[in-house]
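Some notes on the structure that comes next.
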Amino acid sequence: MQFLTKYYDKLLLILGILFLALCFMFSLSSTDKSANTQIFSSFNFKVLDDSLLLLQNEDNKLLPGEFIFFKDPNEILWSKTKIKSVSYQRNSLVNIILNDGTLKSGTLKQKAVLTEDWNKTPNNFAIRVNRTTELIPFSKVHQISGKQELNLESIPASVIDNPDLELSFYQKATFPDISSDEQPTISKWTRKTNDLNTSSYDLFTPPVIYVHEGRLTTRLPDKELEELPEEPFGISLKSATRKSYPFRLSSWIGNTPYFEDLTSQESSTSDRPVRNRIKTNQFYKKNLDRKPGQPSLIECTPEDPDKLFIIEHFVVQQHKNPQTGGLRPVGRAMVRDLKFDDPFEINSLMKEVFAGEIIFDFEISLPGYSGQSLSFTSNDNGKIFVVGGREYKIIEINLTSKFIKVTKQDPRLANLVEESFVY
């Protein structure tokens with residue numbers, strides 16, 4: 001009892017120190033347990049239709065042809081895989097820097113896929129900026145950043161399944177084979193971390209934090225924007241005129257007709273069309289290497305892809321003049337032109353021949369293109385025109401019912417727009 005009384009203060013101090021040590025050890029154990037259950041992932045892999053996709057939760061500006069570097073933390077050397085394509089999903093936020101330095105920030109109105117030489121293609125980014133949708137040609141873009149979906153060449157399955165996999169997006173001409181400790185920390189991304197204070201910011205990046213509905217966030221939600229009125233179709237039919245056939249029956253010798261080629265003159269100083277001797281049941285094509293004095297049409301085989309027409313039949317008949325009652329010889333040729341479905345007649349009485357081909361003239365009324373026009377013929381079914389990023393396709397030309405059906409693909413809209421024109 002005297003011992004306790006004498007050393008009471010010291011015993012109390014020792015018990016207090018032991019109690020604090022136990023509390024500290026319990027706290028460490030609890031922290032370790034919590035840390036093991038908190039995994040913060042900045043990327044993940046997905047296999048889709050034999051394609052290996054890397055989905056990122058952070059904004060990046062990687063491009064096709066660049067590389068992703070990866071390794072196990074227990075290894076020294078890095079391996080690499082090439083980026084085949086980069087995708088930005090619809091409604092994702094992107095920042096686009098143009099070649100002139102202008103910055104455009106907005107949400108994509110349609111999915112954008114970049115492949116190698118992407119900025120040499122005629123495609124456009126359709127982004128919503130404030131209350132308007134802008135079309136930005138790929139060729140005018142210097143850099144684009146946002147949440148990316150990377151299509152990679154290949155990574156071994158054992159590497160993908162490794163929970164400690166390290167990735168590096170750092171790009172340089174040659175990537176040295178050095179350990180991960182020697183890599184710049186800004187270029188090293190890892191799948192998980194035990195740091196409960198994980199942040200999407202680099203060490204010295206000043207964060208911008210917003211309070212939205214009582215919660216902290218690094219990005220404010222997009223405002224609901226009022227949709228603008230639907231754009232007009234953009235083209236209108238102005239005229240439909242018959243197109244003259246370029247060949248005319250001018251004369252004959254015996255049972256062999258002679259045709260004038262109205263698209264070729266005998267010489268550079270003459271306005272007279274070239275006369276061509278045409279055999280029946282023989283295919284002909286244009287003489288692209290013609291010299292003065294030579295025919296503009298030459299014989300070819302049925303297998304020649306450049307063949308134009310064939311005279312299936314030719315006769316000379318006596319034609320009675322209804323006014324004078326006199327007779328005169330008339331040459332009549334049955335022509336099969338490969339541009340038309342049915343054969344048609346050309347005779348020597350015709351000053352102008354119409355084979356059924358029609359020229360359609362359309363006027364453009366899109367913003368920035370008003371007053372301009374485009375033309376095509378009745379043989380251009382399936383033809384595509386691109387005006388201001390909008391793609392117009394002729395899907396039907398009906399010469400019997402006399403109407404044209406055209407579709408319009410606007411990159412800002414999900415569906416095709418269709419319109420018919422009667423002439």
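In the structure tokens, the first chain shown is A, the next is B, and so on; residue numbers restart at 1 for each chain, and ligands run from 1 in the order shown.
For Lys80 of chain A, the residues within 9 Å (counting only C-alpha atoms, excluding itself and residues fewer than 6 positions away along the chain) are Phe67, Ile68, Phe69, Phe70, Lys71 and Ile155 of chain A.
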N, CA, C and O atoms of the current selection, written as an mmCIF file, in the first residue's frame:
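The result, written out as part.cif:
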data_model
loop_
_atom_site.group_PDB
_atom_site.id
_atom_site.type_symbol
_atom_site.label_atom_id
_atom_site.label_comp_id
_atom_site.auth_asym_id
_atom_site.auth_seq_id
_atom_site.Cartn_x
_atom_site.Cartn_y
_atom_site.Cartn_z
ATOM 1 N N PHE A 67 1.298 6.481 -78.179
ATOM 2 C CA PHE A 67 1.451 5.222 -77.475
ATOM 3 C C PHE A 67 0.991 5.329 -76.022
ATOM 4 O O PHE A 67 1.009 6.403 -75.415
ATOM 5 N N ILE A 68 0.578 4.183 -75.483
ATOM 6 C CA ILE A 68 0.336 3.998 -74.053
ATOM 7 C C ILE A 68 1.452 3.084 -73.535
ATOM 8 O O ILE A 68 1.726 2.039 -74.130
ATOM 9 N N PHE A 69 2.111 3.475 -72.455
ATOM 10 C CA PHE A 69 3.188 2.683 -71.880
ATOM 11 C C PHE A 69 2.689 2.036 -70.588
ATOM 12 O O PHE A 69 1.965 2.671 -69.803
ATOM 13 N N PHE A 70 3.053 0.764 -70.347
ATOM 14 C CA PHE A 70 2.549 0.042 -69.181
ATOM 15 C C PHE A 70 3.634 -0.882 -68.635
ATOM 16 O O PHE A 70 4.538 -1.311 -69.353
ATOM 17 N N LYS A 71 3.499 -1.189 -67.333
ATOM 18 C CA LYS A 71 4.426 -2.139 -66.710
ATOM 19 C C LYS A 71 3.901 -2.555 -65.341
ATOM 20 O O LYS A 71 3.071 -1.873 -64.733
ATOM 21 N N ILE A 155 -2.724 -5.538 -75.487
ATOM 22 C CA ILE A 155 -2.061 -5.653 -74.194
ATOM 23 C C ILE A 155 -2.368 -7.058 -73.686
ATOM 24 O O ILE A 155 -3.524 -7.493 -73.743
#
- Please identify all polymer residues within 7 Å of Gly382 of chain A, counting only C-alpha atoms, omitting same-chain residues fewer than 6 positions from it, and present them as a PyMOL selection string. chain A and resi 393-395
File dump, residues just selected, N, CA and C atoms, as a compact mmCIF listing (two decimals), in the first residue's frame:
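The result, stored in out-v6.txt:
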# COMPACT_ATOMS: atom_id res chain seq x y z
N LYS A 393 -28.11 13.23 -100.34
CA LYS A 393 -28.00 12.05 -101.18
C LYS A 393 -29.27 11.87 -102.00
N ILE A 394 -29.11 11.67 -103.31
CA ILE A 394 -30.26 11.43 -104.20
C ILE A 394 -30.59 9.95 -104.11
N ILE A 395 -31.73 9.60 -103.53
CA ILE A 395 -32.06 8.20 -103.33
C ILE A 395 -33.07 7.68 -104.35
- Run DSSP on the backbone and give me the residues of segment 19-155 of chain A it puts in helix (DSSP H, G or I), as a list in words.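 So the helix (DSSP H, G or I) residues in segment 19-155 of chain A would be Phe19, Leu20, Ala21, Leu22, Cys23, Phe24, Met25, Phe26, Ser27, Leu28, Ser29, Ser30, Thr31, Asp32, Lys33, Ser34, Ala35, Asn36, Thr37, Trp118, Asn119, Lys120, Phe138, Ser139 and Lys140 of chain A.
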Only N, CA, C and O atoms, please: the residues just picked out, written as a short mmCIF file (atom, residue, chain, number, x, y, z; two decimals), in the first residue's frame.
data_model
loop_
_atom_site.label_atom_id
_atom_site.label_comp_id
_atom_site.auth_asym_id
_atom_site.auth_seq_id
_atom_site.Cartn_x
_atom_site.Cartn_y
_atom_site.Cartn_z
N PHE A 19 -2.16 3.45 -22.65
CA PHE A 19 -3.49 3.64 -23.23
C PHE A 19 -3.40 4.39 -24.56
O PHE A 19 -4.04 4.03 -25.56
N LEU A 20 -2.58 5.46 -24.59
CA LEU A 20 -2.41 6.22 -25.83
C LEU A 20 -1.76 5.38 -26.92
O LEU A 20 -2.12 5.49 -28.11
N ALA A 21 -0.80 4.53 -26.54
CA ALA A 21 -0.14 3.67 -27.54
C ALA A 21 -1.13 2.69 -28.14
O ALA A 21 -1.13 2.44 -29.35
N LEU A 22 -2.00 2.12 -27.29
CA LEU A 22 -3.01 1.19 -27.80
C LEU A 22 -3.99 1.89 -28.75
O LEU A 22 -4.38 1.34 -29.79
N CYS A 23 -4.39 3.10 -28.38
CA CYS A 23 -5.31 3.86 -29.24
C CYS A 23 -4.66 4.16 -30.59
O CYS A 23 -5.29 4.07 -31.65
N PHE A 24 -3.37 4.50 -30.59
CA PHE A 24 -2.67 4.83 -31.84
C PHE A 24 -2.57 3.60 -32.74
O PHE A 24 -2.77 3.67 -33.96
N MET A 25 -2.25 2.43 -32.12
CA MET A 25 -2.14 1.20 -32.91
C MET A 25 -3.50 0.82 -33.49
O MET A 25 -3.58 0.37 -34.64
N PHE A 26 -4.56 1.01 -32.74
CA PHE A 26 -5.91 0.70 -33.24
C PHE A 26 -6.28 1.62 -34.41
O PHE A 26 -6.89 1.21 -35.39
N SER A 27 -5.86 2.90 -34.26
CA SER A 27 -6.15 3.87 -35.33
C SER A 27 -5.44 3.49 -36.62
O SER A 27 -6.00 3.58 -37.71
N LEU A 28 -4.17 3.04 -36.51
CA LEU A 28 -3.43 2.64 -37.71
C LEU A 28 -4.08 1.44 -38.36
O LEU A 28 -4.21 1.35 -39.59
N SER A 29 -4.50 0.48 -37.52
CA SER A 29 -5.15 -0.71 -38.07
C SER A 29 -6.42 -0.35 -38.80
O SER A 29 -6.73 -0.85 -39.87
N SER A 30 -7.21 0.56 -38.19
CA SER A 30 -8.46 0.98 -38.81
C SER A 30 -8.21 1.71 -40.11
O SER A 30 -8.91 1.53 -41.10
N THR A 31 -7.16 2.54 -40.14
CA THR A 31 -6.82 3.30 -41.36
C THR A 31 -6.42 2.37 -42.48
O THR A 31 -6.84 2.53 -43.63
N ASP A 32 -5.58 1.35 -42.13
CA ASP A 32 -5.15 0.41 -43.15
C ASP A 32 -6.33 -0.35 -43.72
O ASP A 32 -6.44 -0.57 -44.93
N LYS A 33 -7.25 -0.75 -42.87
CA LYS A 33 -8.43 -1.47 -43.31
C LYS A 33 -9.27 -0.62 -44.22
O LYS A 33 -9.74 -1.05 -45.27
N SER A 34 -9.46 0.64 -43.84
CA SER A 34 -10.24 1.55 -44.67
C SER A 34 -9.58 1.77 -46.00
O SER A 34 -10.22 1.82 -47.04
N ALA A 35 -8.24 1.92 -45.97
CA ALA A 35 -7.53 2.18 -47.20
C ALA A 35 -7.64 1.01 -48.15
O ALA A 35 -7.73 1.19 -49.36
N ASN A 36 -7.66 -0.22 -47.63
CA ASN A 36 -7.74 -1.38 -48.50
C ASN A 36 -9.10 -1.50 -49.17
O ASN A 36 -9.23 -2.17 -50.19
N THR A 37 -10.10 -0.89 -48.64
CA THR A 37 -11.43 -0.98 -49.24
C THR A 37 -11.74 0.22 -50.11
O THR A 37 -12.76 0.23 -50.78
N TRP A 118 -6.58 11.87 -89.11
CA TRP A 118 -7.96 12.34 -88.90
C TRP A 118 -8.15 13.76 -89.38
O TRP A 118 -9.22 14.12 -89.88
N ASN A 119 -7.11 14.62 -89.23
CA ASN A 119 -7.28 16.03 -89.61
C ASN A 119 -7.15 16.25 -91.11
O ASN A 119 -7.21 17.39 -91.56
N LYS A 120 -7.01 15.17 -91.88
CA LYS A 120 -7.01 15.28 -93.33
C LYS A 120 -8.31 14.75 -93.94
O LYS A 120 -8.44 14.69 -95.16
N PHE A 138 -12.49 19.01 -89.12
CA PHE A 138 -11.31 18.37 -88.54
C PHE A 138 -10.04 19.09 -88.98
O PHE A 138 -9.08 19.21 -88.21
N SER A 139 -10.02 19.57 -90.24
CA SER A 139 -8.81 20.17 -90.79
C SER A 139 -8.42 21.46 -90.10
O SER A 139 -7.28 21.91 -90.21
N LYS A 140 -9.35 22.10 -89.37
CA LYS A 140 -9.07 23.36 -88.69
C LYS A 140 -8.71 23.18 -87.22
O LYS A 140 -8.51 24.16 -86.51
#
- For Asn276 of chain A, list every protein, DNA or RNA residue within 6 Å, evaluated using only C-alpha atoms, and leave out those in the same chain fewer than 5 positions away; present the list as a PyMOL selection string. chain A and resi 258-259+295
- Item | Nearest to Glu134 of chain A by atom-to-atom distance, counting only C-alpha atoms, from A:Arg275, A:Lys109, A:Lys320, A:Lys402 | A:Lys109
- Nearest residue to Leu55 of chain A from the set A:Ile364, A:Leu152, A:Val113, A:Leu399 (distances using only C-alpha atoms):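 For Leu55 of chain A, the nearest of the given residues is A:Leu152.
Proximity ranking of A:His313, A:Arg248, A:Lys339, A:Arg328 relative to Lys279 of chain A places A:His313 first, based on only C-alpha atoms.
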- Figure out the distance between atom CA of Thr269 of chain A and atom CA of Lys291 of chain A, please, to one decimal in Å. 13.4 Å
- Task: For Pro292 of chain A, please output as a list in words all residues within 10 Å (counting only C-alpha atoms; exclusion window: fewer than 4 positions along the same chain).
- Result: Gln265, Glu266, Ser267, Ser268, Val274 and Ser296 of chain A
- Task: Might you pull out every residue within 10 Å of Ser373 of chain A, with only C-alpha atoms counted and same-chain residues fewer than 3 positions away left off, and present them as JSON, numbers by chain?
- Result: {"A": [235, 236, 237, 238, 361, 362, 363, 364, 365, 369, 370]}
- Query: Which is closer to Asp117 of chain A than all the others in A:Val86, A:Ser92, A:Val129, A:Leu53, using only C-alpha atoms?
  - Reply: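 That would be A:Val86, the residue with the smallest distance to Asp117 of chain A.
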- Task: Tell me, in Å to one decimal, how far atom CA of Arg332 of chain A is from atom CA of Trp252 of chain A.
- Result: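 Taking atom CA of Arg332 of chain A and atom CA of Trp252 of chain A, their separation equals 10.1 Å.
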- Find the residues around Ser401 of chain A up to 12 Å (only C-alpha atoms counted), leave out those fewer than 2 positions away in its own chain, and share them as a list in words. Glu396, Ile397, Asn398, Leu399, Phe403, Ile404, Lys405, Ser420, Phe421, Val422 and Tyr423 of chain A
Write to file, as a PDB file, in the first residue's frame, the residues of the selection just made, with N, CA, C and O atoms.
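Result saved to part28.pdb:
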ATOM      1  N   GLU A 396     -33.760   8.571-105.079  1.00  0.00           N
ATOM      2  CA  GLU A 396     -34.692   8.102-106.112  1.00  0.00           C
ATOM      3  C   GLU A 396     -34.948   9.213-107.119  1.00  0.00           C
ATOM      4  O   GLU A 396     -35.227  10.352-106.741  1.00  0.00           O
ATOM      5  N   ILE A 397     -34.849   8.855-108.421  1.00  0.00           N
ATOM      6  CA  ILE A 397     -35.251   9.746-109.514  1.00  0.00           C
ATOM      7  C   ILE A 397     -36.281   8.989-110.340  1.00  0.00           C
ATOM      8  O   ILE A 397     -35.940   8.009-111.015  1.00  0.00           O
ATOM      9  N   ASN A 398     -37.531   9.401-110.277  1.00  0.00           N
ATOM     10  CA  ASN A 398     -38.621   8.710-110.958  1.00  0.00           C
ATOM     11  C   ASN A 398     -39.053   9.549-112.156  1.00  0.00           C
ATOM     12  O   ASN A 398     -39.718  10.582-112.007  1.00  0.00           O
ATOM     13  N   LEU A 399     -38.641   9.106-113.353  1.00  0.00           N
ATOM     14  CA  LEU A 399     -38.968   9.856-114.566  1.00  0.00           C
ATOM     15  C   LEU A 399     -40.405   9.627-115.008  1.00  0.00           C
ATOM     16  O   LEU A 399     -40.945  10.425-115.773  1.00  0.00           O
ATOM     17  N   PHE A 403     -40.706  12.820-110.097  1.00  0.00           N
ATOM     18  CA  PHE A 403     -40.323  13.365-108.791  1.00  0.00           C
ATOM     19  C   PHE A 403     -38.928  12.887-108.434  1.00  0.00           C
ATOM     20  O   PHE A 403     -38.436  11.879-108.956  1.00  0.00           O
ATOM     21  N   ILE A 404     -38.278  13.630-107.521  1.00  0.00           N
ATOM     22  CA  ILE A 404     -36.938  13.315-107.018  1.00  0.00           C
ATOM     23  C   ILE A 404     -37.017  13.240-105.507  1.00  0.00           C
ATOM     24  O   ILE A 404     -37.624  14.107-104.865  1.00  0.00           O
ATOM     25  N   LYS A 405     -36.398  12.212-104.931  1.00  0.00           N
ATOM     26  CA  LYS A 405     -36.384  12.062-103.476  1.00  0.00           C
ATOM     27  C   LYS A 405     -34.940  12.218-102.986  1.00  0.00           C
ATOM     28  O   LYS A 405     -34.032  11.547-103.477  1.00  0.00           O
ATOM     29  N   SER A 420     -39.142  15.263-100.956  1.00  0.00           N
ATOM     30  CA  SER A 420     -39.386  14.941-102.357  1.00  0.00           C
ATOM     31  C   SER A 420     -39.677  16.209-103.127  1.00  0.00           C
ATOM     32  O   SER A 420     -40.308  17.156-102.619  1.00  0.00           O
ATOM     33  N   PHE A 421     -39.229  16.255-104.392  1.00  0.00           N
ATOM     34  CA  PHE A 421     -39.420  17.406-105.276  1.00  0.00           C
ATOM     35  C   PHE A 421     -40.102  16.934-106.548  1.00  0.00           C
ATOM     36  O   PHE A 421     -39.645  15.991-107.196  1.00  0.00           O
ATOM     37  N   VAL A 422     -41.182  17.585-106.923  1.00  0.00           N
ATOM     38  CA  VAL A 422     -41.926  17.260-108.140  1.00  0.00           C
ATOM     39  C   VAL A 422     -41.549  18.249-109.230  1.00  0.00           C
ATOM     40  O   VAL A 422     -41.413  19.443-108.968  1.00  0.00           O
ATOM     41  N   TYR A 423     -41.372  17.754-110.449  1.00  0.00           N
ATOM     42  CA  TYR A 423     -41.018  18.657-111.549  1.00  0.00           C
ATOM     43  C   TYR A 423     -41.999  18.486-112.705  1.00  0.00           C
ATOM     44  O   TYR A 423     -42.790  17.565-112.739  1.00  0.00           O
TER      45      TYR A 423
END
Leaving out Leu288 of chain A and any residue of its chain fewer than 6 positions from it, which residues lie within 12 Å of it when counting only C-alpha atoms, given as a short mmCIF file (atom, residue, chain, number, x, y, z; two decimals) with N, CA and C atoms, in the first residue's frame?
data_model
loop_
_atom_site.label_atom_id
_atom_site.label_comp_id
_atom_site.auth_asym_id
_atom_site.auth_seq_id
_atom_site.Cartn_x
_atom_site.Cartn_y
_atom_site.Cartn_z
N SER A 264 -16.98 17.37 -129.80
CA SER A 264 -15.62 17.45 -130.36
C SER A 264 -15.65 18.20 -131.69
N GLN A 294 -8.44 12.74 -136.85
CA GLN A 294 -8.81 11.41 -136.37
C GLN A 294 -10.24 11.41 -135.84
N PRO A 295 -10.90 10.23 -135.81
CA PRO A 295 -12.27 10.16 -135.26
C PRO A 295 -12.26 10.40 -133.76
N SER A 296 -13.40 10.86 -133.25
CA SER A 296 -13.52 11.07 -131.80
C SER A 296 -14.08 9.84 -131.10
N LEU A 297 -14.57 8.85 -131.88
CA LEU A 297 -15.09 7.60 -131.34
C LEU A 297 -14.33 6.44 -131.95
N ILE A 298 -13.92 5.49 -131.13
CA ILE A 298 -13.16 4.33 -131.62
C ILE A 298 -13.81 3.05 -131.12
N ASP A 306 -15.02 1.53 -120.49
CA ASP A 306 -15.28 2.88 -121.01
C ASP A 306 -16.23 2.89 -122.19
#
- Query: Where in segment 282-410 of chain A does DSSP assign strand (DSSP E or B), given as JSON, numbers by chain?
  - Reply: {"A": [283, 284, 285, 286, 297, 298, 299, 300, 309, 310, 311, 312, 313, 314, 315, 316, 317, 318, 319, 320, 327, 328, 329, 330, 331, 332, 333, 334, 335, 336, 337, 344, 345, 346, 347, 354, 355, 356, 357, 358, 359, 360, 361, 362, 363, 364, 373, 374, 375, 376, 377, 384, 385, 386, 387, 390, 391, 392, 393, 394, 395, 396, 397, 398, 403, 404, 405, 406, 407, 408, 409]}
Those selected residues, please, written with C-alpha atoms and delivered as a compact mmCIF listing (two decimals), in the first residue's frame.
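Ended up saving to again-v3.txt:
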# COMPACT_ATOMS: atom_id res chain seq x y z
CA PHE A 283 -19.28 -0.97 -129.21
CA TYR A 284 -17.64 2.46 -129.30
CA LYS A 285 -15.89 4.66 -126.75
CA LYS A 286 -14.32 8.14 -126.73
CA LEU A 297 -15.09 7.60 -131.34
CA ILE A 298 -13.16 4.33 -131.62
CA GLU A 299 -14.16 0.67 -131.51
CA CYS A 300 -13.87 -1.27 -128.24
CA PHE A 309 -23.01 2.85 -126.94
CA ILE A 310 -23.77 0.40 -129.72
CA ILE A 311 -25.92 0.75 -132.88
CA GLU A 312 -28.16 -2.32 -132.80
CA HIS A 313 -29.91 -1.67 -136.10
CA PHE A 314 -29.77 0.76 -139.05
CA VAL A 315 -32.09 1.15 -142.07
CA VAL A 316 -32.77 3.70 -144.80
CA GLN A 317 -36.46 4.31 -145.55
CA GLN A 318 -38.42 6.62 -147.80
CA HIS A 319 -40.20 9.32 -145.88
CA LYS A 320 -43.18 11.21 -147.36
CA LEU A 327 -40.41 11.34 -150.84
CA ARG A 328 -36.97 11.59 -149.36
CA PRO A 329 -34.61 8.96 -147.88
CA VAL A 330 -34.29 8.95 -144.09
CA GLY A 331 -31.70 7.04 -142.10
CA ARG A 332 -32.95 5.45 -138.86
CA ALA A 333 -30.65 4.01 -136.16
CA MET A 334 -31.62 2.10 -133.02
CA VAL A 335 -29.10 3.16 -130.34
CA ARG A 336 -28.41 1.46 -127.03
CA ASP A 337 -26.56 3.84 -124.72
CA PHE A 344 -33.96 4.79 -128.49
CA GLU A 345 -34.11 5.97 -132.10
CA ILE A 346 -31.96 8.60 -133.82
CA ASN A 347 -32.89 9.51 -137.38
CA PHE A 354 -33.25 13.80 -126.67
CA ALA A 355 -32.51 10.39 -125.21
CA GLY A 356 -34.43 10.96 -121.99
CA GLU A 357 -31.69 12.49 -119.84
CA ILE A 358 -32.81 15.46 -117.69
CA ILE A 359 -30.74 18.14 -115.95
CA PHE A 360 -31.98 19.19 -112.50
CA ASP A 361 -30.89 22.55 -111.08
CA PHE A 362 -31.23 23.16 -107.34
CA GLU A 363 -30.74 26.37 -105.37
CA ILE A 364 -29.04 26.28 -101.95
CA SER A 373 -26.62 26.18 -106.84
CA LEU A 374 -25.93 22.53 -107.60
CA SER A 375 -26.87 20.43 -110.64
CA PHE A 376 -27.14 16.75 -111.51
CA THR A 377 -28.76 14.60 -114.20
CA ILE A 384 -23.92 12.57 -102.81
CA PHE A 385 -23.36 16.31 -102.34
CA VAL A 386 -21.81 17.86 -99.21
CA VAL A 387 -22.77 21.48 -98.47
CA ARG A 390 -24.60 18.58 -94.49
CA GLU A 391 -24.68 15.51 -96.73
CA TYR A 392 -27.38 15.36 -99.41
CA LYS A 393 -28.00 12.05 -101.18
CA ILE A 394 -30.26 11.43 -104.20
CA ILE A 395 -32.06 8.20 -103.33
CA GLU A 396 -34.69 8.10 -106.11
CA ILE A 397 -35.25 9.75 -109.51
CA ASN A 398 -38.62 8.71 -110.96
CA PHE A 403 -40.32 13.37 -108.79
CA ILE A 404 -36.94 13.31 -107.02
CA LYS A 405 -36.38 12.06 -103.48
CA VAL A 406 -33.41 13.45 -101.50
CA THR A 407 -32.16 12.75 -97.96
CA LYS A 408 -30.18 15.13 -95.76
CA GLN A 409 -27.72 14.02 -93.05
- Task: Please measure the separation of atom CA of Glu66 of chain A and atom CA of Asn151 of chain A, giving the value in Å to one decimal.
- Result: 11.3 Å
- Restricting the calculation to only C-alpha atoms, which member of A:Asp341, A:Asp50, A:Asp261, A:Asp164 is positioned closest to Asn287 of chain A?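 Once distances to Asn287 of chain A are computed over only C-alpha atoms, the minimum belongs to A:Asp261.
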